[in-house]
Every structure is written in structure tokens, then in C-alpha cells.
Amino acid sequence: MAKKEVYIWAAGQISVQSPLSEAWMTEPLCYREPYVQAIDPDYKQYFAPNTLRRLGKILRRALLTSRRVMEETGIACPDAIITATGLGCIENTEIFLDALIREGEELLKPTHFMQSTHNTIGSLIAIDSSCHGYNTTYAHKGISFECALSDAFLQLSNGRIATALTGAHDEMTPDYFVLLKRMGYLGHAPNGFSGETAVSLLLGGHKRENALCRLQGIEFLYRPEKDDLQQSLGRLLQQSQCRMEDIDAVMTGYNGQEANDRVYTENCARLFPGKRLLHYKHLFGESYTASGLGVYAAAACLGRQSIPAHLFFHPGNREQQGVRHLLFYNQFENKNHSFILLSACGK
Amino acid sequence: MNELILTLKKEIIEVLNLEDLKPEDILDDAPLFGEGLGLDSIDALELIVLMEKNYGIKLNDPAQGRDVFRSIRVMAGYIQANRVK
């Protein structure tokens, strides 16, 4: 059976950039602090007070970005809700664990307990949209989003589902930031910072008007040998009937951390010699599911047929018009590597 | 009793995150569940925890909770009669 084409129909974000907008493309907000929390919209404009009072930040953001892309596409109930989160509802987890310790393990705070699991996010979206279909959450640290997107891609391309709401959601609490800083995961560089992610993508199994881009394919590897990356990339390009010279630019996850950036520099020089590199974490910050924001940013560029100058990693580049293919390369701790190929619609 | 009612209203607003309400918005005799405040079963669990934590009252029988949480005034009366702290 012929594989179906998969498209990103709509995308929405709440992050450290202006929420629910693409203002970051023309007026990006810049940060120098190591720890930055997302800019929340006034949720009272979108939710009834009785709904809002129980929802923590990550849930509000996930629900609002999901509603936004569903409204934009007219899909009231997607066939699948596939969620990626590295830390889940960490704020609620901290609240009920703190209370548990404080009260000598006697009294549990019910609301925070019930809304502390990773799959609370997907469940809440399903309840809100009365969606009884496939619902899965991937909590695989730095490749959570790639796993979720891959699941959606496979099911859509095989025709098992026609629409999928795929999300990448992570909040960062001050306490957890301190822990991650101690572990050396983030917060040690002058140019990088910890951010928060809430991205919802509405994916569909056919092309439609106003779709942002086509999702050509995904490849990911665990602890690859040097040749494995090259082979994986070759496979993705071949399956997508795309050549390396067709790629306009490569979106990377440079984040200002020395160990992380060294991997990108070495691998990009080897895998994509001469290609122009893009980055996004200088705008959106680092988080376990930041790659969701990277794919969102790449999709936005393809949708508008334009790459803003401030997305280019090396200075001196001007805004580029007429973008056709963007390759997204992500790696996490030099263990998990992934390639995602996105193309402008109709190409 | 009036002082306890006011304290209870403030505690309920805080525990249930009823941020748009002030104590004077909650009527002493209005039902807490269904109509009135429109609380639900998850809120009932929060109220049970509140009773135990702040007043040392353990409600083991769910049917008992239905009576105790009828209104703020009933709840305050029950606390006054049974509190251990």
C-alpha cells in the first residue's frame, strides 16, 4: 500500500517568546539570565474560572496550544493525541511531595497528586476535546518529542489515522533548575539558558490549504557509530527523494553548553559540509522537549517561506526567502541523535 | 461561630484555588456542591484533607461527608463540635 504524505497543518507555542504568535520571527526577545520561565497569556480570556483553578502551568499551556491548533484547522477531535514530555507535571509533583514530607506522609494533596503524572497532559486534552482515540505519552528525556512525532508519522503514513495532535510540553521549576544545573545539564554557559516548552502540532495525512509544511521523515539512533549517522541521513534523504544539495539549511540544537555544542560542531562539519546552520535555543532556551520548538520554528519558516537572519548560527547571513527543504538535527548528550526532514508544501 | 465561618471560607478559597472569590461571595447557607459553589468530588477530597490537617477531624465515612459539607454553616458547626486542634 502506498504511504500517505504527512503534513504539519498548524502549530502553536507558549514559550519564553511572545505566546501564541510568531512574533519571534521579526521581534525576538533576548535573555541573559540562566533561568527563564515562559510568558503566559491571560488564561482567563480562554478558560472558565472553574476549569482554570485546578490546572497547573504546564496543563494550561498544553490545553491552550492544543485548542489553538484544533480551532485553526477545524479538527474538533483528532484521531490521536500523542504527547512528549521530559519531566511531566513537575510543579504538581513537587507540591504534593513537599506536602507529603511536611505532613509526615499522612496527608496527600489530592488535586496535585492526580495531576502529577506525565500522562495527565494527554488525558486532559482528551477530556477537553472528548477524544476517545489513541492517546500516548512519551517521556524519554531529550528524545521524547522525536518519539512522539515518529509515532504520529508512522500511523499517519500507514493510513491508520488521519489526524494527530502531537505536543511537546515541559515546565521548569526553580528547584529542578538547581538540580539540573548541579548535574551540568544546563545553566553553566553565558549564552544559553533554561526555558520552558509548550508546542502543539496538528498533523494530517493529506495536503491541505494553509498547511505549514510536509513532514518527509524521521530517523533516530542511539549511540551511533560514525558511519551510522551518515547512513541514517542517507536513508532519510533517499526515502524522501531529496538530495543533500536540495537542503536549504540545517536546524541544530546549539545551546551554549560546551559539551553539547562540540558534538554539533563536529557532526555538522562531517555530515553537512558547507551547509548553512540554524539554531533556535538562543531564542527558546533549553528543555527536554525543546526540539519540539525547533521543529515548530522550522515549520514556521517553511510556512512563511522565509528564514529570519537571527536564526542563522553564523553571523553575516541575511533573511532567506524561498525556503524549500529544512533538515532538523537534534542530539541529546551525544547518545540520542535524530534527523527530521521538513519540506515546503508542494515541493 | 462567625469567626470560624470566615476562617473556613478563607481556607476553602485557598485550598480549592477559588481565586476569583472573596469570603463574602460565599453564602453561609448556600450548598457547596452542585448548585452554590459548584464543587465536585475532587473538591470533596480536598475538604476532607483540610478538615484533618487544620482541625484534626477524620472523616472515614463518605456518607458522613455528604452531610457535613452541605454548607459552610453546617461544616463550621461540625468542626466546632468535633475539632481536636
# chains A, B, ... in the order shown; residues from 1 in each chain; ligands from 1

call {"tool": "interface_residues", "arguments": {"of": "chain A", "to": "chain B", "cutoff": "8 Å", "atoms": "only C-alpha atoms", "output": "mmCIF file with all heavy atoms, in the first residue's frame"}}
result
data_model
loop_
_atom_site.group_PDB
_atom_site.id
_atom_site.type_symbol
_atom_site.label_atom_id
_atom_site.label_comp_id
_atom_site.auth_asym_id
_atom_site.auth_seq_id
_atom_site.Cartn_x
_atom_site.Cartn_y
_atom_site.Cartn_z
ATOM 1 N N PRO A 49 -13.335 30.144 34.950
ATOM 2 C CA PRO A 49 -12.600 30.100 36.223
ATOM 3 C C PRO A 49 -12.613 28.723 36.874
ATOM 4 O O PRO A 49 -11.617 28.285 37.444
ATOM 5 C CB PRO A 49 -13.339 31.121 37.097
ATOM 6 C CG PRO A 49 -14.028 32.018 36.145
ATOM 7 C CD PRO A 49 -14.336 31.214 34.934
ATOM 8 N N ASN A 50 -13.736 28.013 36.756
ATOM 9 C CA ASN A 50 -13.827 26.694 37.380
ATOM 10 C C ASN A 50 -12.907 25.672 36.717
ATOM 11 O O ASN A 50 -12.473 24.717 37.349
ATOM 12 C CB ASN A 50 -15.284 26.205 37.330
ATOM 13 C CG ASN A 50 -15.714 25.687 38.674
ATOM 14 O OD1 ASN A 50 -15.104 26.040 39.693
ATOM 15 N ND2 ASN A 50 -16.742 24.864 38.694
ATOM 16 N N ARG A 53 -8.957 26.812 37.746
ATOM 17 C CA ARG A 53 -8.452 26.775 39.119
ATOM 18 C C ARG A 53 -7.675 25.514 39.448
ATOM 19 O O ARG A 53 -6.853 25.499 40.348
ATOM 20 C CB ARG A 53 -9.595 26.967 40.110
ATOM 21 C CG ARG A 53 -10.556 25.803 40.237
ATOM 22 C CD ARG A 53 -11.741 26.190 41.091
ATOM 23 N NE ARG A 53 -12.767 25.186 41.105
ATOM 24 C CZ ARG A 53 -12.834 24.208 42.003
ATOM 25 N NH1 ARG A 53 -11.931 24.120 42.953
ATOM 26 N NH2 ARG A 53 -13.807 23.326 41.951
ATOM 27 N N ARG A 54 -7.932 24.423 38.721
ATOM 28 C CA ARG A 54 -7.227 23.173 39.030
ATOM 29 C C ARG A 54 -5.985 22.958 38.178
ATOM 30 O O ARG A 54 -5.218 22.046 38.425
ATOM 31 C CB ARG A 54 -8.160 21.986 38.788
ATOM 32 C CG ARG A 54 -9.107 21.749 39.884
ATOM 33 C CD ARG A 54 -9.347 20.261 40.071
ATOM 34 N NE ARG A 54 -10.420 20.132 41.022
ATOM 35 C CZ ARG A 54 -11.672 19.859 40.681
ATOM 36 N NH1 ARG A 54 -11.977 19.640 39.435
ATOM 37 N NH2 ARG A 54 -12.582 19.802 41.596
ATOM 38 N N LEU A 107 -0.847 13.119 54.894
ATOM 39 C CA LEU A 107 -1.899 13.787 54.121
ATOM 40 C C LEU A 107 -1.429 14.110 52.707
ATOM 41 O O LEU A 107 -0.449 14.805 52.510
ATOM 42 C CB LEU A 107 -2.316 15.087 54.823
ATOM 43 C CG LEU A 107 -2.949 14.907 56.200
ATOM 44 C CD1 LEU A 107 -3.052 16.235 56.912
ATOM 45 C CD2 LEU A 107 -4.323 14.286 56.062
ATOM 46 N N LEU A 108 -2.156 13.577 51.762
ATOM 47 C CA LEU A 108 -1.831 13.797 50.355
ATOM 48 C C LEU A 108 -2.715 14.905 49.812
ATOM 49 O O LEU A 108 -3.890 14.962 50.145
ATOM 50 C CB LEU A 108 -2.150 12.496 49.619
ATOM 51 C CG LEU A 108 -1.397 12.176 48.356
ATOM 52 C CD1 LEU A 108 0.086 12.116 48.617
ATOM 53 C CD2 LEU A 108 -1.882 10.835 47.824
ATOM 54 N N LYS A 109 -2.152 15.768 48.985
ATOM 55 C CA LYS A 109 -3.000 16.783 48.350
ATOM 56 C C LYS A 109 -3.597 16.161 47.086
ATOM 57 O O LYS A 109 -2.879 15.965 46.098
ATOM 58 C CB LYS A 109 -2.175 18.037 48.030
ATOM 59 C CG LYS A 109 -1.744 18.794 49.288
ATOM 60 C CD LYS A 109 -0.770 19.897 48.972
ATOM 61 C CE LYS A 109 -1.458 21.129 48.457
ATOM 62 N NZ LYS A 109 -2.247 21.824 49.465
ATOM 63 N N PRO A 110 -4.884 15.857 47.090
ATOM 64 C CA PRO A 110 -5.477 15.057 46.001
ATOM 65 C C PRO A 110 -5.297 15.652 44.609
ATOM 66 O O PRO A 110 -4.887 14.955 43.681
ATOM 67 C CB PRO A 110 -6.961 14.991 46.373
ATOM 68 C CG PRO A 110 -7.032 15.342 47.805
ATOM 69 C CD PRO A 110 -5.877 16.222 48.105
ATOM 70 N N THR A 111 -5.597 16.939 44.453
ATOM 71 C CA THR A 111 -5.543 17.528 43.111
ATOM 72 C C THR A 111 -4.125 17.466 42.548
ATOM 73 O O THR A 111 -3.916 17.056 41.400
ATOM 74 C CB THR A 111 -6.018 18.993 43.155
ATOM 75 O OG1 THR A 111 -7.318 19.024 43.720
ATOM 76 C CG2 THR A 111 -6.061 19.593 41.768
#

call {"tool": "select_by_dssp", "arguments": {"residues": "segment 243-283 of chain A", "states": "alpha helix (DSSP H)", "output": "ChimeraX atom specification"}}
result
/A:258-271,281-283

call {"tool": "write_last_selection", "arguments": {"atoms": "all heavy atoms", "output": "compact mmCIF listing (two decimals), in the first residue's frame"}}
result
# COMPACT_ATOMS: atom_id res chain seq x y z
N GLU A 258 29.16 23.82 26.46
CA GLU A 258 30.33 23.43 25.69
C GLU A 258 30.25 21.98 25.17
O GLU A 258 30.48 21.72 23.99
CB GLU A 258 31.58 23.60 26.56
CG GLU A 258 32.87 23.54 25.77
CD GLU A 258 34.10 23.57 26.66
OE1 GLU A 258 33.98 24.04 27.81
OE2 GLU A 258 35.15 23.10 26.20
N ALA A 259 29.91 21.05 26.06
CA ALA A 259 29.90 19.63 25.65
C ALA A 259 28.85 19.39 24.55
O ALA A 259 29.11 18.64 23.59
CB ALA A 259 29.61 18.75 26.85
N ASN A 260 27.71 20.00 24.71
CA ASN A 260 26.64 19.85 23.72
C ASN A 260 27.05 20.45 22.37
O ASN A 260 26.92 19.81 21.32
CB ASN A 260 25.38 20.57 24.25
CG ASN A 260 24.26 20.64 23.22
OD1 ASN A 260 23.59 19.67 22.94
ND2 ASN A 260 24.06 21.83 22.63
N ASP A 261 27.58 21.64 22.42
CA ASP A 261 27.89 22.36 21.17
C ASP A 261 29.03 21.71 20.40
O ASP A 261 29.07 21.75 19.17
CB ASP A 261 28.22 23.83 21.48
CG ASP A 261 26.98 24.59 21.96
OD1 ASP A 261 25.90 23.96 22.01
OD2 ASP A 261 27.08 25.78 22.27
N ARG A 262 29.96 21.10 21.15
CA ARG A 262 31.08 20.44 20.49
C ARG A 262 30.57 19.29 19.59
O ARG A 262 31.05 19.10 18.48
CB ARG A 262 32.05 19.90 21.55
CG ARG A 262 33.40 19.46 20.96
CD ARG A 262 34.43 19.18 22.03
NE ARG A 262 33.93 18.31 23.08
CZ ARG A 262 33.83 18.65 24.36
NH1 ARG A 262 34.22 19.84 24.76
NH2 ARG A 262 33.36 17.80 25.24
N VAL A 263 29.57 18.56 20.07
CA VAL A 263 29.02 17.45 19.27
C VAL A 263 28.42 17.98 17.97
O VAL A 263 28.63 17.42 16.89
CB VAL A 263 27.93 16.69 20.08
CG1 VAL A 263 27.33 15.57 19.24
CG2 VAL A 263 28.52 16.14 21.37
N TYR A 264 27.69 19.10 18.08
CA TYR A 264 27.09 19.68 16.87
C TYR A 264 28.17 20.13 15.90
O TYR A 264 28.07 19.89 14.69
CB TYR A 264 26.17 20.85 17.23
CG TYR A 264 24.82 20.39 17.72
CD1 TYR A 264 24.47 20.48 19.06
CD2 TYR A 264 23.88 19.86 16.84
CE1 TYR A 264 23.24 20.04 19.52
CE2 TYR A 264 22.65 19.42 17.28
CZ TYR A 264 22.33 19.52 18.62
OH TYR A 264 21.11 19.07 19.06
N THR A 265 29.17 20.82 16.44
CA THR A 265 30.21 21.35 15.55
C THR A 265 30.91 20.22 14.80
O THR A 265 31.09 20.29 13.57
CB THR A 265 31.24 22.16 16.38
OG1 THR A 265 30.52 23.22 17.03
CG2 THR A 265 32.32 22.76 15.50
N GLU A 266 31.26 19.16 15.53
CA GLU A 266 31.96 18.04 14.89
C GLU A 266 31.06 17.33 13.87
O GLU A 266 31.46 17.08 12.74
CB GLU A 266 32.42 17.03 15.95
CG GLU A 266 33.59 17.54 16.77
CD GLU A 266 33.91 16.63 17.95
OE1 GLU A 266 33.27 15.56 18.08
OE2 GLU A 266 34.78 17.01 18.75
N ASN A 267 29.86 17.02 14.28
CA ASN A 267 28.98 16.24 13.39
C ASN A 267 28.46 17.06 12.21
O ASN A 267 28.32 16.53 11.10
CB ASN A 267 27.81 15.65 14.18
CG ASN A 267 28.25 14.49 15.04
OD1 ASN A 267 29.31 13.91 14.80
ND2 ASN A 267 27.48 14.15 16.04
N CYS A 268 28.19 18.33 12.44
CA CYS A 268 27.70 19.15 11.33
C CYS A 268 28.78 19.33 10.26
O CYS A 268 28.49 19.30 9.06
CB CYS A 268 27.23 20.52 11.83
SG CYS A 268 25.70 20.43 12.75
N ALA A 269 30.02 19.48 10.71
CA ALA A 269 31.12 19.65 9.75
C ALA A 269 31.28 18.39 8.90
O ALA A 269 31.59 18.45 7.70
CB ALA A 269 32.42 19.94 10.50
N ARG A 270 31.04 17.24 9.51
CA ARG A 270 31.21 15.97 8.82
C ARG A 270 30.00 15.60 7.95
O ARG A 270 30.13 15.14 6.83
CB ARG A 270 31.44 14.88 9.87
CG ARG A 270 31.93 13.55 9.35
CD ARG A 270 32.53 12.75 10.48
NE ARG A 270 31.64 12.69 11.64
CZ ARG A 270 30.61 11.85 11.75
NH1 ARG A 270 30.32 11.04 10.78
NH2 ARG A 270 29.88 11.86 12.84
N LEU A 271 28.82 15.85 8.51
CA LEU A 271 27.60 15.39 7.83
C LEU A 271 27.05 16.39 6.81
O LEU A 271 26.47 16.00 5.80
CB LEU A 271 26.50 15.11 8.86
CG LEU A 271 26.77 13.99 9.86
CD1 LEU A 271 25.77 14.03 11.00
CD2 LEU A 271 26.71 12.63 9.15
N LYS A 281 17.69 27.52 20.10
CA LYS A 281 17.69 27.52 21.57
C LYS A 281 18.17 28.85 22.14
O LYS A 281 17.97 29.12 23.32
CB LYS A 281 18.51 26.35 22.10
CG LYS A 281 17.83 25.01 21.85
CD LYS A 281 18.61 23.84 22.40
CE LYS A 281 17.87 22.54 22.10
NZ LYS A 281 18.65 21.34 22.48
N HIS A 282 18.83 29.67 21.34
CA HIS A 282 19.21 31.02 21.80
C HIS A 282 17.94 31.88 21.94
O HIS A 282 17.95 32.89 22.64
CB HIS A 282 20.20 31.67 20.85
CG HIS A 282 19.64 31.97 19.48
ND1 HIS A 282 19.05 31.00 18.70
CD2 HIS A 282 19.56 33.11 18.77
CE1 HIS A 282 18.64 31.54 17.57
NE2 HIS A 282 18.94 32.82 17.58
N LEU A 283 16.85 31.47 21.28
CA LEU A 283 15.58 32.20 21.39
C LEU A 283 14.64 31.55 22.39
O LEU A 283 13.95 32.24 23.14
CB LEU A 283 14.86 32.22 20.02
CG LEU A 283 15.52 32.94 18.86
CD1 LEU A 283 14.63 32.81 17.64
CD2 LEU A 283 15.73 34.39 19.20

call {"tool": "closest_residue", "arguments": {"among": "B:Glu14, B:Asp29, B:Glu24, B:Glu35", "to": "Gly77 of chain B", "atoms": "only C-alpha atoms"}}
result
B:Asp29

call {"tool": "residues_around", "arguments": {"residues": "Ala126 of chain A", "least_positions_apart": "2", "cutoff": "12 Å", "atoms": "only C-alpha atoms", "output": "mmCIF file with N, CA and C atoms, in the first residue's frame"}}
result
data_model
loop_
_atom_site.group_PDB
_atom_site.id
_atom_site.type_symbol
_atom_site.label_atom_id
_atom_site.label_comp_id
_atom_site.auth_asym_id
_atom_site.auth_seq_id
_atom_site.Cartn_x
_atom_site.Cartn_y
_atom_site.Cartn_z
ATOM 1 N N ALA A 62 -0.521 23.506 27.680
ATOM 2 C CA ALA A 62 -0.788 22.395 26.750
ATOM 3 C C ALA A 62 -2.212 22.481 26.201
ATOM 4 N N LEU A 63 -3.142 22.768 27.098
ATOM 5 C CA LEU A 63 -4.546 22.827 26.688
ATOM 6 C C LEU A 63 -4.786 23.984 25.723
ATOM 7 N N SER A 66 -3.127 23.376 22.319
ATOM 8 C CA SER A 66 -3.887 22.320 21.620
ATOM 9 C C SER A 66 -5.181 22.875 21.043
ATOM 10 N N ARG A 67 -5.914 23.594 21.894
ATOM 11 C CA ARG A 67 -7.168 24.187 21.407
ATOM 12 C C ARG A 67 -6.913 25.099 20.221
ATOM 13 N N ALA A 76 -12.019 19.178 15.534
ATOM 14 C CA ALA A 76 -12.507 19.236 16.916
ATOM 15 C C ALA A 76 -12.018 18.053 17.737
ATOM 16 N N CYS A 77 -11.804 16.931 17.060
ATOM 17 C CA CYS A 77 -11.380 15.726 17.785
ATOM 18 C C CYS A 77 -10.374 14.955 16.930
ATOM 19 N N PRO A 78 -9.102 15.119 17.168
ATOM 20 C CA PRO A 78 -8.102 14.405 16.359
ATOM 21 C C PRO A 78 -8.169 12.896 16.603
ATOM 22 N N ASP A 79 -7.701 12.120 15.611
ATOM 23 C CA ASP A 79 -7.720 10.655 15.762
ATOM 24 C C ASP A 79 -6.754 10.183 16.840
ATOM 25 N N ALA A 80 -5.706 10.949 17.065
ATOM 26 C CA ALA A 80 -4.722 10.544 18.078
ATOM 27 C C ALA A 80 -4.190 11.763 18.813
ATOM 28 N N ILE A 81 -3.917 11.570 20.084
ATOM 29 C CA ILE A 81 -3.257 12.614 20.880
ATOM 30 C C ILE A 81 -1.950 12.003 21.366
ATOM 31 N N ILE A 82 -0.854 12.542 20.878
ATOM 32 C CA ILE A 82 0.452 11.953 21.183
ATOM 33 C C ILE A 82 1.309 13.045 21.822
ATOM 34 N N THR A 83 1.704 12.806 23.048
ATOM 35 C CA THR A 83 2.337 13.855 23.845
ATOM 36 C C THR A 83 3.774 13.485 24.201
ATOM 37 N N ASN A 119 1.286 11.470 32.046
ATOM 38 C CA ASN A 119 0.195 11.370 31.063
ATOM 39 C C ASN A 119 -1.033 12.203 31.433
ATOM 40 N N THR A 120 -0.929 13.018 32.480
ATOM 41 C CA THR A 120 -2.032 13.935 32.798
ATOM 42 C C THR A 120 -2.289 14.875 31.618
ATOM 43 N N ILE A 121 -1.216 15.273 30.948
ATOM 44 C CA ILE A 121 -1.332 16.273 29.871
ATOM 45 C C ILE A 121 -2.211 15.735 28.736
ATOM 46 N N GLY A 122 -1.843 14.540 28.239
ATOM 47 C CA GLY A 122 -2.611 13.944 27.150
ATOM 48 C C GLY A 122 -4.039 13.635 27.572
ATOM 49 N N SER A 123 -4.196 13.206 28.824
ATOM 50 C CA SER A 123 -5.538 12.873 29.322
ATOM 51 C C SER A 123 -6.419 14.114 29.356
ATOM 52 N N LEU A 124 -5.849 15.186 29.841
ATOM 53 C CA LEU A 124 -6.616 16.432 29.960
ATOM 54 C C LEU A 124 -7.078 16.923 28.579
ATOM 55 N N ASP A 128 -10.893 17.311 27.393
ATOM 56 C CA ASP A 128 -11.338 18.619 26.905
ATOM 57 C C ASP A 128 -11.945 18.518 25.502
ATOM 58 N N SER A 129 -11.363 17.646 24.670
ATOM 59 C CA SER A 129 -11.842 17.545 23.281
ATOM 60 C C SER A 129 -12.774 16.354 23.072
ATOM 61 N N SER A 130 -13.121 15.655 24.157
ATOM 62 C CA SER A 130 -13.950 14.441 24.081
ATOM 63 C C SER A 130 -13.380 13.464 23.055
ATOM 64 N N CYS A 131 -12.081 13.302 23.084
ATOM 65 C CA CYS A 131 -11.389 12.453 22.116
ATOM 66 C C CYS A 131 -11.095 11.101 22.764
ATOM 67 N N HIS A 132 -11.728 10.050 22.253
ATOM 68 C CA HIS A 132 -11.569 8.715 22.844
ATOM 69 C C HIS A 132 -10.581 7.866 22.051
ATOM 70 N N GLY A 133 -9.845 8.460 21.150
ATOM 71 C CA GLY A 133 -8.929 7.699 20.289
ATOM 72 C C GLY A 133 -7.605 7.394 20.961
ATOM 73 N N TYR A 134 -6.654 7.021 20.132
ATOM 74 C CA TYR A 134 -5.304 6.668 20.579
ATOM 75 C C TYR A 134 -4.707 7.817 21.396
ATOM 76 N N ASN A 135 -4.164 7.472 22.545
ATOM 77 C CA ASN A 135 -3.604 8.515 23.412
ATOM 78 C C ASN A 135 -2.352 7.970 24.093
ATOM 79 N N THR A 136 -1.226 8.513 23.742
ATOM 80 C CA THR A 136 0.037 8.002 24.281
ATOM 81 C C THR A 136 0.957 9.155 24.671
ATOM 82 N N ALA A 164 -3.445 13.804 13.829
ATOM 83 C CA ALA A 164 -2.796 13.566 15.124
ATOM 84 C C ALA A 164 -2.410 14.898 15.757
ATOM 85 N N LEU A 165 -2.777 15.030 17.008
ATOM 86 C CA LEU A 165 -2.338 16.201 17.769
ATOM 87 C C LEU A 165 -1.085 15.787 18.522
#

call {"tool": "select_by_dssp", "arguments": {"residues": "segment 45-234 of chain A", "states": "strand (DSSP E or B)", "output": "PyMOL selection string"}}
result
chain A and resi 80-84+134-138+163-170+194+197-204+213-222

call {"tool": "residues_around", "arguments": {"residues": "Thr7 of chain B", "least_positions_apart": "3", "cutoff": "12 Å", "atoms": "only C-alpha atoms", "output": "list of chain:residue names"}}
result
B:Met1, B:Asn2, B:Glu3, B:Leu4, B:Lys10, B:Glu11, B:Ile12, B:Ile13, B:Glu14, B:Lys22, B:Pro23, B:Glu24, B:Asn54, B:Tyr55, B:Ile72, B:Arg73, B:Met75, B:Ala76, B:Ile79

call {"tool": "write_last_selection", "arguments": {"atoms": "N, CA, C and O atoms", "output": "PDB file, in the first residue's frame"}}
result
ATOM      1  N   MET B   1     -18.583  31.472  66.424  1.00  0.00           N
ATOM      2  CA  MET B   1     -19.017  30.729  65.222  1.00  0.00           C
ATOM      3  C   MET B   1     -18.779  31.544  63.940  1.00  0.00           C
ATOM      4  O   MET B   1     -18.288  31.023  62.945  1.00  0.00           O
ATOM      5  N   ASN B   2     -19.107  32.848  64.004  1.00  0.00           N
ATOM      6  CA  ASN B   2     -18.927  33.692  62.829  1.00  0.00           C
ATOM      7  C   ASN B   2     -17.455  33.796  62.428  1.00  0.00           C
ATOM      8  O   ASN B   2     -17.126  33.834  61.234  1.00  0.00           O
ATOM      9  N   GLU B   3     -16.608  33.807  63.440  1.00  0.00           N
ATOM     10  CA  GLU B   3     -15.171  33.882  63.167  1.00  0.00           C
ATOM     11  C   GLU B   3     -14.703  32.597  62.476  1.00  0.00           C
ATOM     12  O   GLU B   3     -13.913  32.635  61.523  1.00  0.00           O
ATOM     13  N   LEU B   4     -15.197  31.472  62.958  1.00  0.00           N
ATOM     14  CA  LEU B   4     -14.839  30.175  62.357  1.00  0.00           C
ATOM     15  C   LEU B   4     -15.350  30.094  60.911  1.00  0.00           C
ATOM     16  O   LEU B   4     -14.648  29.612  60.019  1.00  0.00           O
ATOM     17  N   LYS B  10     -11.999  31.376  54.053  1.00  0.00           N
ATOM     18  CA  LYS B  10     -10.655  31.741  53.555  1.00  0.00           C
ATOM     19  C   LYS B  10      -9.850  30.477  53.239  1.00  0.00           C
ATOM     20  O   LYS B  10      -9.142  30.414  52.231  1.00  0.00           O
ATOM     21  N   GLU B  11      -9.964  29.483  54.095  1.00  0.00           N
ATOM     22  CA  GLU B  11      -9.221  28.233  53.876  1.00  0.00           C
ATOM     23  C   GLU B  11      -9.715  27.511  52.622  1.00  0.00           C
ATOM     24  O   GLU B  11      -8.918  26.976  51.848  1.00  0.00           O
ATOM     25  N   ILE B  12     -11.020  27.502  52.435  1.00  0.00           N
ATOM     26  CA  ILE B  12     -11.586  26.831  51.246  1.00  0.00           C
ATOM     27  C   ILE B  12     -11.153  27.554  49.967  1.00  0.00           C
ATOM     28  O   ILE B  12     -10.773  26.923  48.975  1.00  0.00           O
ATOM     29  N   ILE B  13     -11.174  28.870  50.008  1.00  0.00           N
ATOM     30  CA  ILE B  13     -10.740  29.642  48.829  1.00  0.00           C
ATOM     31  C   ILE B  13      -9.290  29.317  48.489  1.00  0.00           C
ATOM     32  O   ILE B  13      -8.933  29.113  47.331  1.00  0.00           O
ATOM     33  N   GLU B  14      -8.471  29.182  49.516  1.00  0.00           N
ATOM     34  CA  GLU B  14      -7.051  28.912  49.282  1.00  0.00           C
ATOM     35  C   GLU B  14      -6.834  27.470  48.796  1.00  0.00           C
ATOM     36  O   GLU B  14      -6.172  27.238  47.791  1.00  0.00           O
ATOM     37  N   LYS B  22     -14.212  36.016  46.929  1.00  0.00           N
ATOM     38  CA  LYS B  22     -13.838  36.577  48.235  1.00  0.00           C
ATOM     39  C   LYS B  22     -14.724  35.890  49.269  1.00  0.00           C
ATOM     40  O   LYS B  22     -15.809  35.378  48.920  1.00  0.00           O
ATOM     41  N   PRO B  23     -14.328  35.899  50.549  1.00  0.00           N
ATOM     42  CA  PRO B  23     -15.152  35.225  51.571  1.00  0.00           C
ATOM     43  C   PRO B  23     -16.606  35.683  51.532  1.00  0.00           C
ATOM     44  O   PRO B  23     -17.525  34.856  51.680  1.00  0.00           O
ATOM     45  N   GLU B  24     -16.837  36.962  51.302  1.00  0.00           N
ATOM     46  CA  GLU B  24     -18.229  37.453  51.320  1.00  0.00           C
ATOM     47  C   GLU B  24     -19.056  36.949  50.125  1.00  0.00           C
ATOM     48  O   GLU B  24     -20.288  37.052  50.134  1.00  0.00           O
ATOM     49  N   ASN B  54      -6.225  20.807  59.382  1.00  0.00           N
ATOM     50  CA  ASN B  54      -6.388  22.039  60.163  1.00  0.00           C
ATOM     51  C   ASN B  54      -7.146  21.850  61.466  1.00  0.00           C
ATOM     52  O   ASN B  54      -6.972  22.627  62.403  1.00  0.00           O
ATOM     53  N   TYR B  55      -7.999  20.816  61.520  1.00  0.00           N
ATOM     54  CA  TYR B  55      -8.848  20.670  62.722  1.00  0.00           C
ATOM     55  C   TYR B  55      -8.749  19.290  63.366  1.00  0.00           C
ATOM     56  O   TYR B  55      -9.412  19.023  64.372  1.00  0.00           O
ATOM     57  N   ILE B  72     -21.412  25.955  54.336  1.00  0.00           N
ATOM     58  CA  ILE B  72     -20.337  26.457  55.196  1.00  0.00           C
ATOM     59  C   ILE B  72     -20.790  26.432  56.660  1.00  0.00           C
ATOM     60  O   ILE B  72     -20.031  26.047  57.553  1.00  0.00           O
ATOM     61  N   ARG B  73     -22.033  26.835  56.899  1.00  0.00           N
ATOM     62  CA  ARG B  73     -22.512  26.898  58.286  1.00  0.00           C
ATOM     63  C   ARG B  73     -22.550  25.496  58.924  1.00  0.00           C
ATOM     64  O   ARG B  73     -22.113  25.314  60.057  1.00  0.00           O
ATOM     65  N   MET B  75     -20.771  22.923  58.009  1.00  0.00           N
ATOM     66  CA  MET B  75     -19.380  22.479  58.135  1.00  0.00           C
ATOM     67  C   MET B  75     -18.729  23.090  59.379  1.00  0.00           C
ATOM     68  O   MET B  75     -18.051  22.402  60.154  1.00  0.00           O
ATOM     69  N   ALA B  76     -18.971  24.386  59.552  1.00  0.00           N
ATOM     70  CA  ALA B  76     -18.383  25.083  60.708  1.00  0.00           C
ATOM     71  C   ALA B  76     -18.942  24.516  62.015  1.00  0.00           C
ATOM     72  O   ALA B  76     -18.207  24.334  62.994  1.00  0.00           O
ATOM     73  N   ILE B  79     -17.262  21.256  62.710  1.00  0.00           N
ATOM     74  CA  ILE B  79     -15.891  21.458  63.176  1.00  0.00           C
ATOM     75  C   ILE B  79     -15.887  21.913  64.631  1.00  0.00           C
ATOM     76  O   ILE B  79     -15.115  21.414  65.451  1.00  0.00           O
TER      77      ILE B  79
END

call {"tool": "atom_distance", "arguments": {"atom1": "atom CA of Ile161 of chain A", "atom2": "atom CA of Gly204 of chain A"}}
result
8.5 Å

call {"tool": "residues_around", "arguments": {"residues": "Phe193 of chain A", "least_positions_apart": "6", "cutoff": "9 Å", "atoms": "only C-alpha atoms", "output": "MDAnalysis selection string"}}
result
chainID A and resid 31:36 186:187 255:256 281:282 284:286

call {"tool": "decode", "arguments": {"residues": "segment 26-30 of chain B", "atoms": "N, CA, C and O atoms", "output": "tab-separated table (two decimals), in the first residue's frame"}}
result
chain	number	residue	atom	x	y	z
B	26	ILE	N	-19.22	33.86	49.31
B	26	ILE	CA	-19.72	32.53	49.67
B	26	ILE	C	-20.79	32.69	50.75
B	26	ILE	O	-20.49	33.15	51.86
B	27	LEU	N	-22.00	32.31	50.41
B	27	LEU	CA	-23.10	32.46	51.37
B	27	LEU	C	-23.02	31.34	52.41
B	27	LEU	O	-22.72	30.19	52.07
B	28	ASP	N	-23.32	31.72	53.66
B	28	ASP	CA	-23.17	30.76	54.77
B	28	ASP	C	-24.03	29.52	54.59
B	28	ASP	O	-23.63	28.42	54.97
B	29	ASP	N	-25.22	29.68	54.01
B	29	ASP	CA	-26.16	28.56	53.94
B	29	ASP	C	-26.31	27.99	52.53
B	29	ASP	O	-27.11	27.08	52.31
B	30	ALA	N	-25.56	28.52	51.58
B	30	ALA	CA	-25.68	28.02	50.19
B	30	ALA	C	-25.02	26.64	50.09
B	30	ALA	O	-24.02	26.37	50.77
